[in-house]
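Report on one structure; see the data block that follows.
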Amino acid sequence: MNKVDVVMIGLGYIGLPTAALIAQGESYVHGVDINENVVNTVNEGKIHIVEPSLDEAVASAVEKGYLKADLKAVEADTYLIVVPTPFKGKNEPDISFVEAATRGIIPLLKKGDLYIIESTSPVGTTEKMMDLIYEERPELKDELHIAYCPERVLPGNVMHELVYNDRVIGGIDQKSTEKAISFYSQYVKGELHATNARTAEMCKLVENSSRDVQIAFANELSLICDKAGINVWELIELANKHPRVNILQPGCGVGGHCIAVDPYFIVSEYPMESKIIGTAREINNYKSFWCAEKIQNEKLKFELKHGRKPSVALMGLAFKPNIDDLRESPAKYITQKVLQNDHNGEYFIVEPNIEEHNVFKLTDYKEATEKADIIAFLVAHDEFKELEISSEKSILDFCGILK
Ligand SMILES: NC(=O)c1ccc[n+]([C@@H]2O[C@H](COP(=O)([O-])OP(=O)(O)OC[C@H]3O[C@@H](n4cnc5c(N)ncnc54)[C@H](O)[C@@H]3O)[C@@H](O)[C@H]2O)c1
């Protein structure tokens, strides 16, 4: 058996592509996952997630013997932790997966090894894991290289971005940073920026919080403009003619597993200081609630005017345009809320990027807009922009389809 160079713990959306990329560089990678199905699928040279070009990369790495998956770690020179960091309780980050993954490799560590966390983590996680490691293995104190290196790839373009994105790399000391930079330089062509572990951890959280705050500004404008009787899309277009202004577009909230989640990692640790970040989360969540209320009000207005209940087309379920990902999706939240308030109403639920859904009965987007009395655009999918809609319909355009 060949000596293992890298142990990759967590073979999900980030860990598996990273493992495949390192293996393409002819390093021996031992991938570890607690999910037996994942381990078996990878060992068959197949993949359990949807990501372009990943299937060929995994098939080739497994066939050539550079990638193997297992339920348990083995001894290596480099260990990468790429496990989930979800919420627990009231928007508190849960680092128990990172801790469990770390505990699993502590007995295997030896002098000179490199340990890197890539999971999105609250500030101080790398130091906490360092303390945990040295508590169990005091003889290794200051003999390991320990670093944090966040991931910023875009799902759908991961194999390209893993190579070409710049990376921020922060060690717990100078020699750890240097060792981690030398590791990533083997397969990353983007620039590698050196810092310390706490700054690297915060950098990932701040990138997504920055997006969230900017979207919250646009969403807040949409609420103000609705009351002021101003077209928010026209307003933003005009304001952006200023050479130093660049306002984003409003929508029906913020979703996905990063932008809608990571700001809480800052707010939960620094509640007194993170006022704008916390408020942005509230505004973006409120915008979804507001959209659901707007649909309710439009239905009541219709009923008063026509003496019958309207049918409603809810256009889009995904968390952003032109994808099939519904995680933390505001459009899905709005649809659930509208349906909860009125079980007997007639609804046409539309999501052109998925064939079927286990809860919602889906309708073709053209059919839905022809049949419905009220059309609520929740996601700016490209298909919706081509639609020709009769002027008799009531339209609620929350995402600028008609702008
Ligand atoms: N997916 C993204 O687009 C993205 C982007 C940037 C950062 N991140 C961050 O990267 C980290 C991983 O995200 P992901 O999307 O790859 O998650 P994922 O859920 O797709 O994969 C994580 C894998 O880890 C496994 N796992 C859990 N505990 C384990 C343990 N103790 N030992 C071994 N395996 C274990 C799970 O079974 C799963 O297969 C998260 O912190 C996430 O926030 C994700």
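Within each chain, counting starts at residue 1; across the structure tokens, chains are named A, B, ... in the order shown, with ligands numbered 1 upward in that order.
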
What are the closest atom pairs, with distances in Å to one decimal, for each residue of chain A lying within 6 Å of ligand 1, using only C-alpha atoms and all ligand atoms, rows by chain and rising residue number, as a Markdown table?
| residue | atom | partner | partner_atom_place_in_ligand_line | distance |
| --- | --- | --- | --- | --- |
| A:Ile9 | CA | ligand 1 | 33 (C) | 4.8 |
| A:Gly10 | CA | ligand 1 | 24 (O) | 3.4 |
| A:Leu11 | CA | ligand 1 | 39 (O) | 4.8 |
| A:Gly12 | CA | ligand 1 | 21 (O) | 3.1 |
| A:Tyr13 | CA | ligand 1 | 16 (O) | 3.8 |
| A:Ile14 | CA | ligand 1 | 16 (O) | 3.8 |
| A:Gly15 | CA | ligand 1 | 16 (O) | 5.4 |
| A:Val32 | CA | ligand 1 | 33 (C) | 5.2 |
| A:Asp33 | CA | ligand 1 | 34 (N) | 3.5 |
| A:Ile34 | CA | ligand 1 | 34 (N) | 4.5 |
| A:Asn35 | CA | ligand 1 | 37 (O) | 4.7 |
| A:Val82 | CA | ligand 1 | 12 (C) | 4.9 |
| A:Val83 | CA | ligand 1 | 24 (O) | 4.0 |
| A:Pro84 | CA | ligand 1 | 40 (C) | 4.0 |
| A:Thr85 | CA | ligand 1 | 41 (O) | 4.4 |
| A:Phe97 | CA | ligand 1 | 28 (N) | 5.0 |
| A:Ala100 | CA | ligand 1 | 31 (N) | 4.8 |
| A:Ala101 | CA | ligand 1 | 31 (N) | 4.0 |
| A:Ser119 | CA | ligand 1 | 41 (O) | 3.4 |
| A:Thr120 | CA | ligand 1 | 41 (O) | 3.9 |
| A:Glu151 | CA | ligand 1 | 6 (C) | 4.6 |
| A:Arg152 | CA | ligand 1 | 6 (C) | 4.8 |
| A:Val153 | CA | ligand 1 | 5 (C) | 5.6 |
| A:Leu154 | CA | ligand 1 | 3 (O) | 5.9 |
| A:Pro155 | CA | ligand 1 | 3 (O) | 5.3 |

Could you give me the residues within range 19-156 of chain A that DSSP places in alpha helix (DSSP H), as number ranges by chain?
A: 19-24, 36-43, 54-63, 96-105, 125-136

Nearest to Gly156 in chain A: which of A:Asn341, A:Thr363, A:Ser329, A:Asn322 is it, counting only C-alpha atoms?
A:Asn322

So that I can check the surroundings of range 102-109 of chain A, please list as a list in words every protein, DNA and RNA residue that reaches within 7 Å of it, counting only C-alpha atoms and ignoring chain neighbours fewer than 2 positions away.
Ala73, Val74, Glu75, Val98, Glu99, Ala100, Asp113 and Ile133 of chain A

Residues near range 246-249 of chain A, cut-off 8 Å, only C-alpha atoms, skip fewer than 5 positions along chain, as a PyMOL selection string:
chain A and resi 214-215+217-219+233+236+239-240+399-400

Take the residues from that selection and write them out as a JSON list (two decimals), in the first residue's frame, keeping all heavy atoms.
[["chain", "number", "residue", "atom", "x", "y", "z"],
["A", 214, "GLN", "N", -25.24, 44.32, 2.04],
["A", 214, "GLN", "CA", -25.53, 45.07, 0.81],
["A", 214, "GLN", "C", -26.90, 44.71, 0.25],
["A", 214, "GLN", "O", -27.63, 45.57, -0.26],
["A", 214, "GLN", "CB", -24.44, 44.81, -0.23],
["A", 214, "GLN", "CG", -23.12, 45.44, 0.15],
["A", 214, "GLN", "CD", -22.03, 45.07, -0.83],
["A", 214, "GLN", "OE1", -22.16, 45.28, -2.02],
["A", 214, "GLN", "NE2", -20.97, 44.50, -0.32],
["A", 215, "ILE", "N", -27.25, 43.44, 0.34],
["A", 215, "ILE", "CA", -28.59, 43.03, -0.14],
["A", 215, "ILE", "C", -29.66, 43.61, 0.77],
["A", 215, "ILE", "O", -30.72, 44.05, 0.31],
["A", 215, "ILE", "CB", -28.69, 41.49, -0.24],
["A", 215, "ILE", "CG1", -27.67, 40.94, -1.22],
["A", 215, "ILE", "CG2", -30.10, 41.07, -0.67],
["A", 215, "ILE", "CD1", -27.48, 39.43, -1.19],
["A", 217, "PHE", "N", -29.59, 46.41, 2.29],
["A", 217, "PHE", "CA", -29.79, 47.82, 1.92],
["A", 217, "PHE", "C", -30.77, 47.92, 0.76],
["A", 217, "PHE", "O", -31.72, 48.71, 0.79],
["A", 217, "PHE", "CB", -28.44, 48.46, 1.57],
["A", 217, "PHE", "CG", -28.54, 49.93, 1.26],
["A", 217, "PHE", "CD1", -28.75, 50.84, 2.27],
["A", 217, "PHE", "CD2", -28.45, 50.39, -0.05],
["A", 217, "PHE", "CE1", -28.86, 52.20, 1.99],
["A", 217, "PHE", "CE2", -28.57, 51.75, -0.34],
["A", 217, "PHE", "CZ", -28.77, 52.65, 0.68],
["A", 218, "ALA", "N", -30.58, 47.08, -0.25],
["A", 218, "ALA", "CA", -31.48, 47.09, -1.42],
["A", 218, "ALA", "C", -32.89, 46.66, -0.98],
["A", 218, "ALA", "O", -33.89, 47.27, -1.41],
["A", 218, "ALA", "CB", -30.96, 46.15, -2.49],
["A", 219, "ASN", "N", -32.98, 45.66, -0.12],
["A", 219, "ASN", "CA", -34.30, 45.21, 0.34],
["A", 219, "ASN", "C", -35.00, 46.30, 1.16],
["A", 219, "ASN", "O", -36.20, 46.49, 1.05],
["A", 219, "ASN", "CB", -34.18, 43.91, 1.15],
["A", 219, "ASN", "CG", -34.11, 42.70, 0.24],
["A", 219, "ASN", "OD1", -34.60, 42.73, -0.89],
["A", 219, "ASN", "ND2", -33.51, 41.62, 0.71],
["A", 233, "TRP", "N", -36.77, 49.81, -8.78],
["A", 233, "TRP", "CA", -35.81, 49.39, -9.81],
["A", 233, "TRP", "C", -35.29, 50.60, -10.57],
["A", 233, "TRP", "O", -34.09, 50.71, -10.83],
["A", 233, "TRP", "CB", -36.46, 48.38, -10.77],
["A", 233, "TRP", "CG", -37.22, 47.34, -10.02],
["A", 233, "TRP", "CD1", -38.57, 47.29, -9.83],
["A", 233, "TRP", "CD2", -36.68, 46.23, -9.31],
["A", 233, "TRP", "NE1", -38.89, 46.21, -9.06],
["A", 233, "TRP", "CE2", -37.76, 45.53, -8.72],
["A", 233, "TRP", "CE3", -35.40, 45.74, -9.11],
["A", 233, "TRP", "CZ2", -37.59, 44.39, -7.96],
["A", 233, "TRP", "CZ3", -35.23, 44.60, -8.36],
["A", 233, "TRP", "CH2", -36.31, 43.94, -7.78],
["A", 236, "ILE", "N", -32.94, 52.63, -8.23],
["A", 236, "ILE", "CA", -31.58, 52.06, -8.07],
["A", 236, "ILE", "C", -30.77, 52.28, -9.35],
["A", 236, "ILE", "O", -29.59, 52.64, -9.30],
["A", 236, "ILE", "CB", -31.66, 50.57, -7.67],
["A", 236, "ILE", "CG1", -32.20, 50.46, -6.24],
["A", 236, "ILE", "CG2", -30.29, 49.88, -7.79],
["A", 236, "ILE", "CD1", -32.45, 49.05, -5.74],
["A", 239, "ALA", "N", -29.70, 55.89, -9.21],
["A", 239, "ALA", "CA", -28.68, 56.14, -8.16],
["A", 239, "ALA", "C", -27.34, 55.56, -8.58],
["A", 239, "ALA", "O", -26.28, 56.14, -8.32],
["A", 239, "ALA", "CB", -29.14, 55.53, -6.84],
["A", 240, "ASN", "N", -27.37, 54.42, -9.29],
["A", 240, "ASN", "CA", -26.11, 53.76, -9.71],
["A", 240, "ASN", "C", -25.41, 54.51, -10.86],
["A", 240, "ASN", "O", -24.30, 54.14, -11.24],
["A", 240, "ASN", "CB", -26.38, 52.31, -10.12],
["A", 240, "ASN", "CG", -26.55, 51.42, -8.89],
["A", 240, "ASN", "OD1", -26.26, 51.83, -7.77],
["A", 240, "ASN", "ND2", -27.03, 50.21, -9.10],
["A", 399, "CYS", "N", -38.81, 40.55, -7.62],
["A", 399, "CYS", "CA", -37.40, 40.35, -7.98],
["A", 399, "CYS", "C", -37.03, 41.01, -9.31],
["A", 399, "CYS", "O", -36.03, 40.63, -9.92],
["A", 399, "CYS", "CB", -37.09, 38.85, -8.00],
["A", 399, "CYS", "SG", -38.24, 37.91, -8.99],
["A", 400, "GLY", "N", -37.84, 41.98, -9.75],
["A", 400, "GLY", "CA", -37.44, 42.79, -10.90],
["A", 400, "GLY", "C", -37.55, 42.10, -12.25],
["A", 400, "GLY", "O", -36.80, 42.41, -13.17]]

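Here the DSSP assignment of strand (DSSP E or B), based on backbone atoms, applies within range 270-392 of chain A to Ser311, Val312, Ala313, Leu314, Met315, Glu346, Tyr347, Phe348, Ile349, Val350, Leu362, Ile374, Ile375, Ala376 and Phe377 of chain A.
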
Go ahead and dump the residues you just picked, all heavy atoms, as a CSV table (one decimal), in the first residue's frame.
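What follows is the written file part14.csv:
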chain,number,residue,atom,x,y,z
A,311,SER,N,-57.0,32.8,-8.1
A,311,SER,CA,-55.9,31.7,-8.1
A,311,SER,C,-54.6,32.5,-8.2
A,311,SER,O,-54.5,33.6,-8.7
A,311,SER,CB,-56.1,30.8,-9.3
A,311,SER,OG,-56.1,31.6,-10.5
A,312,VAL,N,-53.6,31.8,-7.6
A,312,VAL,CA,-52.3,32.6,-7.5
A,312,VAL,C,-51.1,31.7,-8.0
A,312,VAL,O,-51.0,30.5,-7.7
A,312,VAL,CB,-52.0,32.8,-6.0
A,312,VAL,CG1,-50.7,33.6,-5.8
A,312,VAL,CG2,-53.1,33.6,-5.3
A,313,ALA,N,-50.3,32.3,-8.9
A,313,ALA,CA,-49.1,31.6,-9.3
A,313,ALA,C,-47.9,32.1,-8.5
A,313,ALA,O,-47.7,33.3,-8.4
A,313,ALA,CB,-48.8,32.0,-10.8
A,314,LEU,N,-47.2,31.2,-7.9
A,314,LEU,CA,-46.0,31.5,-7.1
A,314,LEU,C,-44.8,31.1,-7.9
A,314,LEU,O,-44.5,29.9,-8.1
A,314,LEU,CB,-46.1,30.8,-5.7
A,314,LEU,CG,-47.3,31.2,-4.9
A,314,LEU,CD1,-47.6,30.2,-3.8
A,314,LEU,CD2,-47.1,32.6,-4.3
A,315,MET,N,-44.1,32.1,-8.4
A,315,MET,CA,-43.1,31.8,-9.5
A,315,MET,C,-41.7,31.7,-8.9
A,315,MET,O,-41.0,32.7,-8.7
A,315,MET,CB,-43.1,33.0,-10.5
A,315,MET,CG,-44.5,33.2,-11.0
A,315,MET,SD,-45.1,31.9,-12.1
A,315,MET,CE,-44.1,32.2,-13.5
A,346,GLU,N,-56.5,28.2,-4.6
A,346,GLU,CA,-56.0,27.6,-5.8
A,346,GLU,C,-54.6,28.2,-6.1
A,346,GLU,O,-54.5,29.4,-6.3
A,346,GLU,CB,-56.9,27.8,-6.9
A,346,GLU,CG,-56.5,26.9,-8.1
A,346,GLU,CD,-57.5,27.1,-9.3
A,346,GLU,OE1,-58.4,28.0,-9.3
A,346,GLU,OE2,-57.2,26.4,-10.3
A,347,TYR,N,-53.6,27.4,-6.0
A,347,TYR,CA,-52.2,27.8,-6.3
A,347,TYR,C,-51.5,27.1,-7.4
A,347,TYR,O,-51.7,25.9,-7.5
A,347,TYR,CB,-51.4,27.7,-5.0
A,347,TYR,CG,-51.9,28.5,-3.9
A,347,TYR,CD1,-52.7,28.0,-2.9
A,347,TYR,CD2,-51.5,29.9,-3.8
A,347,TYR,CE1,-53.2,28.8,-1.9
A,347,TYR,CE2,-52.0,30.7,-2.8
A,347,TYR,CZ,-52.8,30.2,-1.8
A,347,TYR,OH,-53.3,31.0,-0.9
A,348,PHE,N,-50.7,27.8,-8.1
A,348,PHE,CA,-49.8,27.1,-9.1
A,348,PHE,C,-48.4,27.4,-8.7
A,348,PHE,O,-48.0,28.6,-8.7
A,348,PHE,CB,-50.1,27.7,-10.5
A,348,PHE,CG,-51.5,27.6,-10.9
A,348,PHE,CD1,-52.4,28.7,-10.9
A,348,PHE,CD2,-52.1,26.4,-11.3
A,348,PHE,CE1,-53.7,28.6,-11.3
A,348,PHE,CE2,-53.4,26.2,-11.7
A,348,PHE,CZ,-54.2,27.4,-11.7
A,349,ILE,N,-47.8,26.3,-8.2
A,349,ILE,CA,-46.4,26.5,-7.7
A,349,ILE,C,-45.4,26.2,-8.9
A,349,ILE,O,-45.5,25.1,-9.5
A,349,ILE,CB,-46.2,25.6,-6.5
A,349,ILE,CG1,-47.2,26.1,-5.4
A,349,ILE,CG2,-44.7,25.7,-6.0
A,349,ILE,CD1,-47.3,25.2,-4.3
A,350,VAL,N,-44.5,27.1,-9.1
A,350,VAL,CA,-43.6,26.9,-10.3
A,350,VAL,C,-42.1,26.9,-9.9
A,350,VAL,O,-41.7,27.7,-9.0
A,350,VAL,CB,-43.8,28.2,-11.2
A,350,VAL,CG1,-42.8,28.2,-12.3
A,350,VAL,CG2,-45.3,28.2,-11.7
A,362,LEU,N,-45.9,20.8,-8.7
A,362,LEU,CA,-45.4,21.9,-9.5
A,362,LEU,C,-46.2,22.0,-10.8
A,362,LEU,O,-46.7,21.0,-11.3
A,362,LEU,CB,-43.9,21.6,-9.9
A,362,LEU,CG,-42.9,21.5,-8.7
A,362,LEU,CD1,-41.5,21.2,-9.1
A,362,LEU,CD2,-43.0,22.8,-7.8
A,374,ILE,N,-53.5,36.1,-9.9
A,374,ILE,CA,-52.4,36.9,-9.4
A,374,ILE,C,-51.1,36.2,-9.6
A,374,ILE,O,-51.0,34.9,-9.4
A,374,ILE,CB,-52.6,37.0,-7.8
A,374,ILE,CG1,-53.9,37.8,-7.5
A,374,ILE,CG2,-51.4,37.7,-7.2
A,374,ILE,CD1,-54.2,37.9,-6.1
A,375,ILE,N,-50.1,36.9,-10.1
A,375,ILE,CA,-48.8,36.3,-10.4
A,375,ILE,C,-47.7,36.9,-9.5
A,375,ILE,O,-47.5,38.1,-9.6
A,375,ILE,CB,-48.4,36.4,-11.9
A,375,ILE,CG1,-49.5,35.8,-12.7
A,375,ILE,CG2,-47.0,35.8,-12.2
A,375,ILE,CD1,-49.4,36.2,-14.2
A,376,ALA,N,-47.1,36.1,-8.6
A,376,ALA,CA,-46.1,36.7,-7.7
A,376,ALA,C,-44.7,36.1,-8.2
A,376,ALA,O,-44.5,34.9,-8.1
A,376,ALA,CB,-46.4,36.3,-6.3
A,377,PHE,N,-43.9,37.0,-8.6
A,377,PHE,CA,-42.5,36.6,-9.0
A,377,PHE,C,-41.6,36.6,-7.8
A,377,PHE,O,-41.3,37.6,-7.2
A,377,PHE,CB,-42.0,37.5,-10.1
A,377,PHE,CG,-42.6,37.3,-11.4
A,377,PHE,CD1,-43.5,38.3,-12.0
A,377,PHE,CD2,-42.3,36.2,-12.2
A,377,PHE,CE1,-44.1,38.1,-13.2
A,377,PHE,CE2,-42.9,36.0,-13.4
A,377,PHE,CZ,-43.8,36.9,-13.9

Taking only C-alpha atoms into account, which of A:Leu21, A:Ala61, A:Val38, A:Leu80 comes nearest Val6 in chain A?
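So, comparing all the options, the nearest one is A:Leu80.
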
Selection near range 252-267 of chain A, 9 Å with only C-alpha atoms, sequence-local residues under 2 positions removed, as a PDB file with C-alpha atoms, in the first residue's frame:
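To be explicit, this is the file written out as selection15.pdb:
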ATOM      1  CA  PRO A  86     -24.405  24.059  11.113  1.00  0.00           C
ATOM      2  CA  PHE A  87     -26.498  25.931  13.684  1.00  0.00           C
ATOM      3  CA  ASN A  91     -28.524  30.687  15.562  1.00  0.00           C
ATOM      4  CA  GLU A  92     -25.444  29.479  17.477  1.00  0.00           C
ATOM      5  CA  PRO A  93     -22.671  27.852  15.408  1.00  0.00           C
ATOM      6  CA  THR A 120     -16.575  27.820   7.814  1.00  0.00           C
ATOM      7  CA  SER A 121     -15.947  28.386  11.521  1.00  0.00           C
ATOM      8  CA  PRO A 122     -16.511  30.927  14.274  1.00  0.00           C
ATOM      9  CA  VAL A 123     -13.466  32.986  15.235  1.00  0.00           C
ATOM     10  CA  MET A 202     -13.220  36.188  10.312  1.00  0.00           C
ATOM     11  CA  LYS A 204     -14.758  34.076   5.474  1.00  0.00           C
ATOM     12  CA  LEU A 205     -17.568  35.278   7.757  1.00  0.00           C
ATOM     13  CA  VAL A 206     -17.100  38.895   6.711  1.00  0.00           C
ATOM     14  CA  GLU A 207     -17.199  38.103   2.983  1.00  0.00           C
ATOM     15  CA  ASN A 208     -20.676  36.618   3.291  1.00  0.00           C
ATOM     16  CA  SER A 209     -21.847  39.207   5.827  1.00  0.00           C
ATOM     17  CA  SER A 210     -20.785  41.966   3.453  1.00  0.00           C
ATOM     18  CA  ARG A 211     -23.022  40.507   0.723  1.00  0.00           C
ATOM     19  CA  ASP A 212     -25.868  40.129   3.222  1.00  0.00           C
ATOM     20  CA  ILE A 215     -28.585  43.032  -0.143  1.00  0.00           C
ATOM     21  CA  ALA A 216     -30.348  44.210   3.040  1.00  0.00           C
ATOM     22  CA  ASN A 219     -34.304  45.211   0.337  1.00  0.00           C
ATOM     23  CA  PRO A 250     -33.699  43.743  -4.024  1.00  0.00           C
ATOM     24  CA  GLU A 269     -20.198  35.857  19.337  1.00  0.00           C
ATOM     25  CA  TYR A 270     -20.219  39.663  19.168  1.00  0.00           C
ATOM     26  CA  PRO A 271     -23.878  40.679  19.674  1.00  0.00           C
ATOM     27  CA  MET A 272     -23.146  44.164  21.034  1.00  0.00           C
ATOM     28  CA  GLU A 273     -20.731  45.092  18.259  1.00  0.00           C
ATOM     29  CA  SER A 274     -22.350  43.524  15.188  1.00  0.00           C
ATOM     30  CA  LYS A 275     -25.353  45.845  14.923  1.00  0.00           C
ATOM     31  CA  ILE A 277     -24.700  42.637  10.465  1.00  0.00           C
ATOM     32  CA  GLY A 278     -27.474  41.531  12.847  1.00  0.00           C
ATOM     33  CA  ARG A 281     -30.170  39.470   8.796  1.00  0.00           C
ATOM     34  CA  ILE A 283     -34.200  42.976   7.281  1.00  0.00           C
ATOM     35  CA  ASN A 284     -33.553  40.162   4.826  1.00  0.00           C
ATOM     36  CA  ASN A 285     -35.707  37.753   6.860  1.00  0.00           C
ATOM     37  CA  TYR A 286     -38.421  40.387   7.262  1.00  0.00           C
ATOM     38  CA  LYS A 287     -38.470  40.972   3.498  1.00  0.00           C
ATOM     39  CA  SER A 288     -39.652  37.361   2.981  1.00  0.00           C
ATOM     40  CA  PHE A 289     -42.379  37.776   5.612  1.00  0.00           C
ATOM     41  CA  TRP A 290     -43.414  41.075   3.974  1.00  0.00           C
ATOM     42  CA  CYS A 291     -43.682  39.412   0.531  1.00  0.00           C
ATOM     43  CA  ALA A 318     -34.954  28.196  -5.522  1.00  0.00           C
ATOM     44  CA  PHE A 319     -32.828  30.468  -3.329  1.00  0.00           C
ATOM     45  CA  LYS A 320     -31.420  32.342  -6.346  1.00  0.00           C
ATOM     46  CA  ASP A 325     -31.012  24.559  -4.821  1.00  0.00           C
ATOM     47  CA  LEU A 326     -33.830  25.210  -2.315  1.00  0.00           C
ATOM     48  CA  ARG A 327     -31.709  25.355   0.888  1.00  0.00           C
ATOM     49  CA  GLU A 328     -32.745  28.257   3.180  1.00  0.00           C
ATOM     50  CA  SER A 329     -34.745  29.574   0.227  1.00  0.00           C
ATOM     51  CA  PRO A 330     -36.882  32.673   0.916  1.00  0.00           C
ATOM     52  CA  ALA A 331     -39.139  31.774  -2.056  1.00  0.00           C
ATOM     53  CA  ILE A 334     -42.999  32.495   1.225  1.00  0.00           C
ATOM     54  CA  PHE A 377     -42.522  36.583  -9.039  1.00  0.00           C
ATOM     55  CA  LEU A 378     -40.318  35.254  -6.246  1.00  0.00           C
ATOM     56  CA  VAL A 379     -37.138  34.318  -8.156  1.00  0.00           C
ATOM     57  CA  PHE A 398     -40.546  41.021  -5.941  1.00  0.00           C
ATOM     58  CA  CYS A 399     -37.404  40.350  -7.982  1.00  0.00           C
TER      59      CYS A 399
END

Would you mind listing what lies within 7 Å of His193 in chain A as a VMD selection string, with only C-alpha atoms counted and same-chain residues fewer than 2 positions away left out?
chain A and resid 167 to 169 191 195

Limited to C-alpha atoms, could you put the picked residues into a file as a JSON list (two decimals), in the first residue's frame?
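Result went into out.json, see below:
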[["chain", "number", "residue", "atom", "x", "y", "z"],
["A", 167, "ARG", "CA", -7.05, 31.87, -0.89],
["A", 168, "VAL", "CA", -6.58, 33.36, 2.56],
["A", 169, "ILE", "CA", -4.35, 31.19, 4.75],
["A", 191, "GLU", "CA", -2.81, 34.08, -5.09],
["A", 195, "THR", "CA", -2.45, 35.97, 7.68]]

I'd like the neighbourhood of Val4 in chain A as a VMD selection string, where a residue qualifies if any of its atoms comes within 7 Å (using only C-alpha atoms), though same-chain residues fewer than 5 positions away should be ignored.
chain A and resid 28 to 30 75 to 76

A:Leu162, A:Leu144, A:Ala23, A:Ile116 ranked by distance to Leu67 in chain A, top pick (using only C-alpha atoms):
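Checking each of A:Leu162, A:Leu144, A:Ala23, A:Ile116 against Leu67 in chain A, counting only C-alpha atoms, the winner is A:Ala23.
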